[in-house]
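Written out below as structure tokens is the structure these notes cover.
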Amino acid sequence: MPCTPTPDPSPQGGGEKKCKPGHDSSMTTSNDSALVLFSGGQDSTVALAWALERFARVETVGFDYGQRHVIELDVRPRLRERMAGLKPEWKARLGDDHRISIDALAAISDSALTSETAIAFADSGLPNTFVPARNLIFFTFAGALAYRRGARHIVAGMCETDYSGYPDCRDDTIKAMQVALSLGLDKRVTIHTPLMWIDKAATFALAREIAGQGFLDVVVEDTHTCYLGDRAHRHAWGYGCGTCPACQLRAQGYARFIAQ
Ligand code: ZN
């Protein structure tokens with residue numbers, strides 16, 4: 001089903017496109033530019049592929065915030081290179097990569113993602129890997145960068161289907177950010193989260209649907225999810241310690257995907 005433009009009440013006009021989640025092979029490519037929040041993880045890599053199918057020019061941004069799994073950032077150039085090699089049109093559309101350092105985030109955060117604290121669950125029910133307001137900060141920087149680069153679309157891999165409970169991954173949070181950025185920049189910004197309503201098994205399936213087994217192999221081999229930055233242990237679902245919450249989600253999702 002193609003995306004249908006809906007009337008846009010904002011004075012800037014532009015019209016938001018409502019897309020159903022997942023891949024739509026019948027959709028035509030937009031002449032617009034998009035900026036993808038690209039961490040090097042499984043979800044943001046599938047979101048990047050989704051964007052490359054849709055937009056004439058796609059740039060990527062990664063954030064260095066003192067995360068202990070900083071290896072995630074190191075896999076990004078190779079991932080971009082391998083993806084550009086999968087399809088000539090992807091190579092033509094894939095634009096600049098931006099890496100932004102946000103050291104202040106680690107300085108104000110007491111999270112297991114930015115320190116050597118053991119990963120555990122707090123009384124709030126949230127794992128202590130939660131970095132408060134992380135995605136709000138990422139989207140604010142991405143909005144500023146998108147503004148400067150002339151991109152009116154921001155694409156990100158957030159998902160609230162089988163996630164770690166982070167409140168800044170929720171659909172309502174993202175929608176609120178879209179409104180805040182559009183108002184604050186006085187320019188229509190549309191945030192797309194194609195994975196919001198699908199689980200990890202469906203994300204693997206979506207990868208294969210978008211660009212076949214070749215891309216699925218790239219997602220398994222070259223993306224990085226493990227919170228501990230482990231790239232020494234290779235499993236059927238990729239590299240990781242196998243026991244941290246991120247590895248468990250990925251492993252369980254892959255097992256369900258293979259079983260389907
Ligand atoms: Zn792990």
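Just remember, in the structure tokens the first chain shown is A, the second B, etc., residues are 1-based per chain, and ligands are 1-based in the order shown.
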Give me, as JSON lines, the closest atom pair and its distance (Å, one decimal) for every residue of chain A within a cut-off of 6 Å of ligand 1, counting only C-alpha atoms and all ligand atoms, rows sorted by chain and rising number.
{"residue": "A:Cys226", "atom": "CA", "partner": "ligand 1", "partner_atom_place_in_ligand_line": "1 (Zn)", "distance": 3.6}
{"residue": "A:Tyr227", "atom": "CA", "partner": "ligand 1", "partner_atom_place_in_ligand_line": "1 (Zn)", "distance": 5.1}
{"residue": "A:Leu228", "atom": "CA", "partner": "ligand 1", "partner_atom_place_in_ligand_line": "1 (Zn)", "distance": 5.3}
{"residue": "A:Gly240", "atom": "CA", "partner": "ligand 1", "partner_atom_place_in_ligand_line": "1 (Zn)", "distance": 4.6}
{"residue": "A:Cys241", "atom": "CA", "partner": "ligand 1", "partner_atom_place_in_ligand_line": "1 (Zn)", "distance": 3.9}
{"residue": "A:Gly242", "atom": "CA", "partner": "ligand 1", "partner_atom_place_in_ligand_line": "1 (Zn)", "distance": 5.0}
{"residue": "A:Thr243", "atom": "CA", "partner": "ligand 1", "partner_atom_place_in_ligand_line": "1 (Zn)", "distance": 5.4}
{"residue": "A:Cys244", "atom": "CA", "partner": "ligand 1", "partner_atom_place_in_ligand_line": "1 (Zn)", "distance": 4.1}
{"residue": "A:Ala246", "atom": "CA", "partner": "ligand 1", "partner_atom_place_in_ligand_line": "1 (Zn)", "distance": 5.8}
{"residue": "A:Cys247", "atom": "CA", "partner": "ligand 1", "partner_atom_place_in_ligand_line": "1 (Zn)", "distance": 4.4}
Near segment 81-83 of chain A, within 12 Å and counting only C-alpha atoms, which residues show up once chain neighbours fewer than 6 positions away are dropped, as a PyMOL selection string?
-> chain A and resi 40+45-46+48-50+52-53+75+89-97+207+210-212+214-219+221-223
File of the preceding selection, C-alpha atoms, as a compact mmCIF listing (two decimals), in the first residue's frame:
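Contents of the output file again.txt:
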# COMPACT_ATOMS: atom_id res chain seq x y z
CA GLY A 40 25.73 0.61 13.98
CA THR A 45 20.92 -0.51 10.21
CA VAL A 46 17.53 -1.86 9.10
CA LEU A 48 18.95 2.91 7.20
CA ALA A 49 18.03 0.30 4.56
CA TRP A 50 14.38 1.37 4.84
CA LEU A 52 17.68 4.07 1.29
CA GLU A 53 14.65 2.52 -0.40
CA VAL A 75 31.42 -0.89 12.86
CA GLU A 89 20.88 2.75 -6.09
CA TRP A 90 21.87 2.54 -2.41
CA LYS A 91 25.42 3.52 -3.32
CA ALA A 92 24.09 6.50 -5.30
CA ARG A 93 21.79 7.67 -2.49
CA LEU A 94 24.06 7.16 0.50
CA GLY A 95 25.54 10.55 1.41
CA ASP A 96 27.79 11.90 4.12
CA ASP A 97 28.27 10.36 7.53
CA ALA A 207 15.82 -6.85 6.55
CA ILE A 210 14.01 -5.11 1.89
CA ALA A 211 17.20 -6.41 0.32
CA GLY A 212 17.36 -10.19 0.45
CA GLY A 214 22.75 -10.52 1.30
CA PHE A 215 21.52 -7.71 3.51
CA LEU A 216 20.38 -10.11 6.22
CA ASP A 217 23.92 -11.51 6.27
CA VAL A 218 25.28 -7.97 6.70
CA VAL A 219 22.87 -7.32 9.58
CA GLU A 221 27.68 -10.22 10.69
CA ASP A 222 28.42 -6.51 10.82
CA THR A 223 25.93 -4.81 13.12
Selected residue, from A:Ala251, A:Ala104, A:Ala146, A:Leu136, that lies nearest to Asp32 of chain A when counting only C-alpha atoms | A:Ala146
For each of A:Asp199, A:Asp171, A:Glu59, A:Asp74, take the minimum atom-to-atom distance to Phe257 of chain A, counting only C-alpha atoms, then give the residue where this is smallest.
-> A:Asp199
Got a sec to tell me which of segment 25-78 of chain A DSSP assigns to alpha helix (DSSP H), as a PyMOL selection string?
-> chain A and resi 42-52+71-74+76-78
Write the residues of the preceding selection, restricted to N, CA and C atoms, as a PDB file, in the first residue's frame.
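Dumped everything to again.pdb:
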ATOM      1  N   GLN A  42      21.644  -3.279  15.106  1.00  0.00           N
ATOM      2  CA  GLN A  42      20.744  -3.970  14.184  1.00  0.00           C
ATOM      3  C   GLN A  42      19.581  -3.081  13.749  1.00  0.00           C
ATOM      4  N   ASP A  43      18.935  -2.437  14.711  1.00  0.00           N
ATOM      5  CA  ASP A  43      17.728  -1.678  14.386  1.00  0.00           C
ATOM      6  C   ASP A  43      18.029  -0.468  13.506  1.00  0.00           C
ATOM      7  N   SER A  44      19.062   0.274  13.856  1.00  0.00           N
ATOM      8  CA  SER A  44      19.338   1.479  13.055  1.00  0.00           C
ATOM      9  C   SER A  44      19.844   1.105  11.667  1.00  0.00           C
ATOM     10  N   THR A  45      20.446  -0.072  11.526  1.00  0.00           N
ATOM     11  CA  THR A  45      20.918  -0.513  10.210  1.00  0.00           C
ATOM     12  C   THR A  45      19.731  -0.882   9.317  1.00  0.00           C
ATOM     13  N   VAL A  46      18.731  -1.541   9.888  1.00  0.00           N
ATOM     14  CA  VAL A  46      17.525  -1.859   9.097  1.00  0.00           C
ATOM     15  C   VAL A  46      16.770  -0.567   8.773  1.00  0.00           C
ATOM     16  N   ALA A  47      16.774   0.387   9.724  1.00  0.00           N
ATOM     17  CA  ALA A  47      16.133   1.683   9.458  1.00  0.00           C
ATOM     18  C   ALA A  47      16.856   2.417   8.325  1.00  0.00           C
ATOM     19  N   LEU A  48      18.178   2.278   8.279  1.00  0.00           N
ATOM     20  CA  LEU A  48      18.951   2.906   7.196  1.00  0.00           C
ATOM     21  C   LEU A  48      18.569   2.289   5.846  1.00  0.00           C
ATOM     22  N   ALA A  49      18.435   0.965   5.800  1.00  0.00           N
ATOM     23  CA  ALA A  49      18.029   0.297   4.559  1.00  0.00           C
ATOM     24  C   ALA A  49      16.640   0.770   4.138  1.00  0.00           C
ATOM     25  N   TRP A  50      15.750   0.894   5.104  1.00  0.00           N
ATOM     26  CA  TRP A  50      14.381   1.372   4.845  1.00  0.00           C
ATOM     27  C   TRP A  50      14.442   2.766   4.207  1.00  0.00           C
ATOM     28  N   ALA A  51      15.305   3.628   4.742  1.00  0.00           N
ATOM     29  CA  ALA A  51      15.435   4.993   4.217  1.00  0.00           C
ATOM     30  C   ALA A  51      16.049   4.994   2.817  1.00  0.00           C
ATOM     31  N   LEU A  52      17.023   4.119   2.601  1.00  0.00           N
ATOM     32  CA  LEU A  52      17.683   4.068   1.287  1.00  0.00           C
ATOM     33  C   LEU A  52      16.721   3.636   0.186  1.00  0.00           C
ATOM     34  N   ILE A  71      32.416   0.352  20.481  1.00  0.00           N
ATOM     35  CA  ILE A  71      32.730  -0.459  19.293  1.00  0.00           C
ATOM     36  C   ILE A  71      31.589  -0.350  18.269  1.00  0.00           C
ATOM     37  N   GLU A  72      30.383  -0.075  18.797  1.00  0.00           N
ATOM     38  CA  GLU A  72      29.223   0.106  17.942  1.00  0.00           C
ATOM     39  C   GLU A  72      29.515   1.169  16.874  1.00  0.00           C
ATOM     40  N   LEU A  73      30.213   2.237  17.290  1.00  0.00           N
ATOM     41  CA  LEU A  73      30.523   3.313  16.347  1.00  0.00           C
ATOM     42  C   LEU A  73      31.575   2.860  15.335  1.00  0.00           C
ATOM     43  N   ASP A  74      32.457   1.974  15.762  1.00  0.00           N
ATOM     44  CA  ASP A  74      33.542   1.539  14.882  1.00  0.00           C
ATOM     45  C   ASP A  74      33.053   0.659  13.738  1.00  0.00           C
ATOM     46  N   ARG A  76      30.405   1.181  12.064  1.00  0.00           N
ATOM     47  CA  ARG A  76      29.581   1.971  11.138  1.00  0.00           C
ATOM     48  C   ARG A  76      30.176   2.146   9.738  1.00  0.00           C
ATOM     49  N   PRO A  77      31.478   2.528   9.615  1.00  0.00           N
ATOM     50  CA  PRO A  77      32.013   2.722   8.255  1.00  0.00           C
ATOM     51  C   PRO A  77      31.943   1.452   7.408  1.00  0.00           C
ATOM     52  N   ARG A  78      32.273   0.310   8.017  1.00  0.00           N
ATOM     53  CA  ARG A  78      32.233  -0.944   7.259  1.00  0.00           C
ATOM     54  C   ARG A  78      30.790  -1.284   6.860  1.00  0.00           C
TER      55      ARG A  78
END
At what distance in Å, to one decimal, does atom CA of Pro194 of chain A lie from atom CA of Leu206 of chain A?
->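 Distance between the two atoms: 9.9 Å.
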Close residues, Asp103 of chain A itself excluded, 9 Å, only C-alpha atoms, min 2 positions apart in chain, as number ranges by chain | A: 64-66, 101, 105-107
What does the distance between atom CA of His233 of chain A and atom CA of Phe63 of chain A come to in Å, to one decimal place?
->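 Going from atom CA of His233 of chain A over to atom CA of Phe63 of chain A, I get 25.0 Å.
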Could you pull out the strand (DSSP E or B) residues of segment 56-248 of chain A from DSSP and send them as a ChimeraX atom specification?
-> /A:56-64,94-101,121,127,153-155,190-192,234-235,238-239
Go ahead and write the selection's residues with N, CA and C atoms as a JSON list (two decimals), in the first residue's frame.
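Below is the file that was written, again_31.json:
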[["chain", "number", "residue", "atom", "x", "y", "z"],
["A", 56, "ALA", "N", 15.91, 10.12, -1.93],
["A", 56, "ALA", "CA", 16.91, 10.32, -2.98],
["A", 56, "ALA", "C", 18.30, 10.48, -2.40],
["A", 57, "ARG", "N", 18.37, 11.07, -1.21],
["A", 57, "ARG", "CA", 19.67, 11.24, -0.56],
["A", 57, "ARG", "C", 19.52, 10.91, 0.92],
["A", 58, "VAL", "N", 20.43, 10.11, 1.41],
["A", 58, "VAL", "CA", 20.35, 9.66, 2.80],
["A", 58, "VAL", "C", 21.71, 9.88, 3.47],
["A", 59, "GLU", "N", 21.71, 10.69, 4.51],
["A", 59, "GLU", "CA", 22.93, 10.88, 5.29],
["A", 59, "GLU", "C", 22.76, 10.18, 6.64],
["A", 60, "THR", "N", 23.88, 9.91, 7.30],
["A", 60, "THR", "CA", 23.81, 9.19, 8.57],
["A", 60, "THR", "C", 24.50, 10.00, 9.66],
["A", 61, "VAL", "N", 24.04, 9.81, 10.89],
["A", 61, "VAL", "CA", 24.68, 10.46, 12.03],
["A", 61, "VAL", "C", 24.82, 9.45, 13.17],
["A", 62, "GLY", "N", 25.98, 9.47, 13.82],
["A", 62, "GLY", "CA", 26.23, 8.62, 14.98],
["A", 62, "GLY", "C", 26.70, 9.48, 16.13],
["A", 63, "PHE", "N", 26.36, 9.06, 17.35],
["A", 63, "PHE", "CA", 26.70, 9.86, 18.53],
["A", 63, "PHE", "C", 27.68, 9.11, 19.42],
["A", 64, "ASP", "N", 28.73, 9.82, 19.77],
["A", 64, "ASP", "CA", 29.71, 9.30, 20.71],
["A", 64, "ASP", "C", 29.43, 9.96, 22.05],
["A", 94, "LEU", "N", 23.42, 7.04, -0.81],
["A", 94, "LEU", "CA", 24.06, 7.16, 0.50],
["A", 94, "LEU", "C", 25.04, 8.34, 0.52],
["A", 95, "GLY", "N", 24.72, 9.33, 1.33],
["A", 95, "GLY", "CA", 25.54, 10.55, 1.41],
["A", 95, "GLY", "C", 26.48, 10.54, 2.59],
["A", 96, "ASP", "N", 26.78, 11.73, 3.08],
["A", 96, "ASP", "CA", 27.79, 11.90, 4.12],
["A", 96, "ASP", "C", 27.41, 11.22, 5.43],
["A", 97, "ASP", "N", 28.45, 10.87, 6.17],
["A", 97, "ASP", "CA", 28.27, 10.36, 7.53],
["A", 97, "ASP", "C", 28.76, 11.43, 8.50],
["A", 98, "HIS", "N", 28.02, 11.61, 9.59],
["A", 98, "HIS", "CA", 28.39, 12.59, 10.60],
["A", 98, "HIS", "C", 28.56, 11.88, 11.94],
["A", 99, "ARG", "N", 29.60, 12.22, 12.66],
["A", 99, "ARG", "CA", 29.81, 11.65, 13.99],
["A", 99, "ARG", "C", 29.91, 12.80, 14.98],
["A", 100, "ILE", "N", 29.00, 12.81, 15.93],
["A", 100, "ILE", "CA", 28.92, 13.92, 16.87],
["A", 100, "ILE", "C", 29.27, 13.44, 18.28],
["A", 101, "SER", "N", 30.16, 14.16, 18.91],
["A", 101, "SER", "CA", 30.58, 13.81, 20.26],
["A", 101, "SER", "C", 29.73, 14.57, 21.28],
["A", 121, "PHE", "N", 18.58, -4.33, 37.14],
["A", 121, "PHE", "CA", 17.32, -3.63, 37.02],
["A", 121, "PHE", "C", 17.07, -2.79, 38.28],
["A", 127, "PRO", "N", 16.12, -1.10, 33.31],
["A", 127, "PRO", "CA", 17.50, -1.54, 33.49],
["A", 127, "PRO", "C", 18.40, -0.32, 33.70],
["A", 153, "HIS", "N", 13.40, 14.94, 6.68],
["A", 153, "HIS", "CA", 13.03, 13.64, 7.27],
["A", 153, "HIS", "C", 14.15, 13.14, 8.17],
["A", 154, "ILE", "N", 13.76, 12.66, 9.34],
["A", 154, "ILE", "CA", 14.71, 11.98, 10.24],
["A", 154, "ILE", "C", 14.19, 10.56, 10.41],
["A", 155, "VAL", "N", 15.07, 9.60, 10.25],
["A", 155, "VAL", "CA", 14.68, 8.19, 10.34],
["A", 155, "VAL", "C", 15.45, 7.56, 11.50],
["A", 190, "THR", "N", 9.73, 15.56, 9.74],
["A", 190, "THR", "CA", 8.98, 14.32, 9.93],
["A", 190, "THR", "C", 9.93, 13.24, 10.44],
["A", 191, "ILE", "N", 9.59, 12.65, 11.58],
["A", 191, "ILE", "CA", 10.40, 11.57, 12.13],
["A", 191, "ILE", "C", 9.74, 10.23, 11.78],
["A", 192, "HIS", "N", 10.49, 9.37, 11.13],
["A", 192, "HIS", "CA", 9.99, 8.04, 10.75],
["A", 192, "HIS", "C", 10.64, 6.99, 11.65],
["A", 234, "ARG", "N", 31.07, -15.29, 18.40],
["A", 234, "ARG", "CA", 30.16, -15.26, 17.26],
["A", 234, "ARG", "C", 29.09, -16.33, 17.45],
["A", 235, "HIS", "N", 27.83, -15.88, 17.40],
["A", 235, "HIS", "CA", 26.69, -16.79, 17.51],
["A", 235, "HIS", "C", 25.97, -16.79, 16.15],
["A", 238, "GLY", "N", 24.92, -13.33, 15.42],
["A", 238, "GLY", "CA", 25.93, -12.28, 15.34],
["A", 238, "GLY", "C", 26.87, -12.31, 16.53],
["A", 239, "TYR", "N", 27.60, -11.20, 16.75],
["A", 239, "TYR", "CA", 28.60, -11.12, 17.82],
["A", 239, "TYR", "C", 28.00, -10.56, 19.10]]
Could you name the residues that touch Gln178 of chain A at 9 Å or less, counting only C-alpha atoms, but leaving out those on the same chain fewer than 4 positions away, as a PyMOL selection string?
-> chain A and resi 139+173-174+182-183+188-191
Fewer than 3 positions away in the same chain doesn't count, so skip those; otherwise give me all residues within 6 Å of Ala156 of chain A, counting only C-alpha atoms, as a list in words.
-> Val36, Leu37 and Thr193 of chain A
Using atom CA of Ala34 of chain A and atom CA of Lys187 of chain A as the two end points, give the distance in Å to one decimal.
->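 So the answer is 14.3 Å.
Nearest to Asp186 of chain A of all the residues A:Arg231, A:Arg80, A:Arg152, A:Arg208 is A:Arg152, counting only C-alpha atoms.
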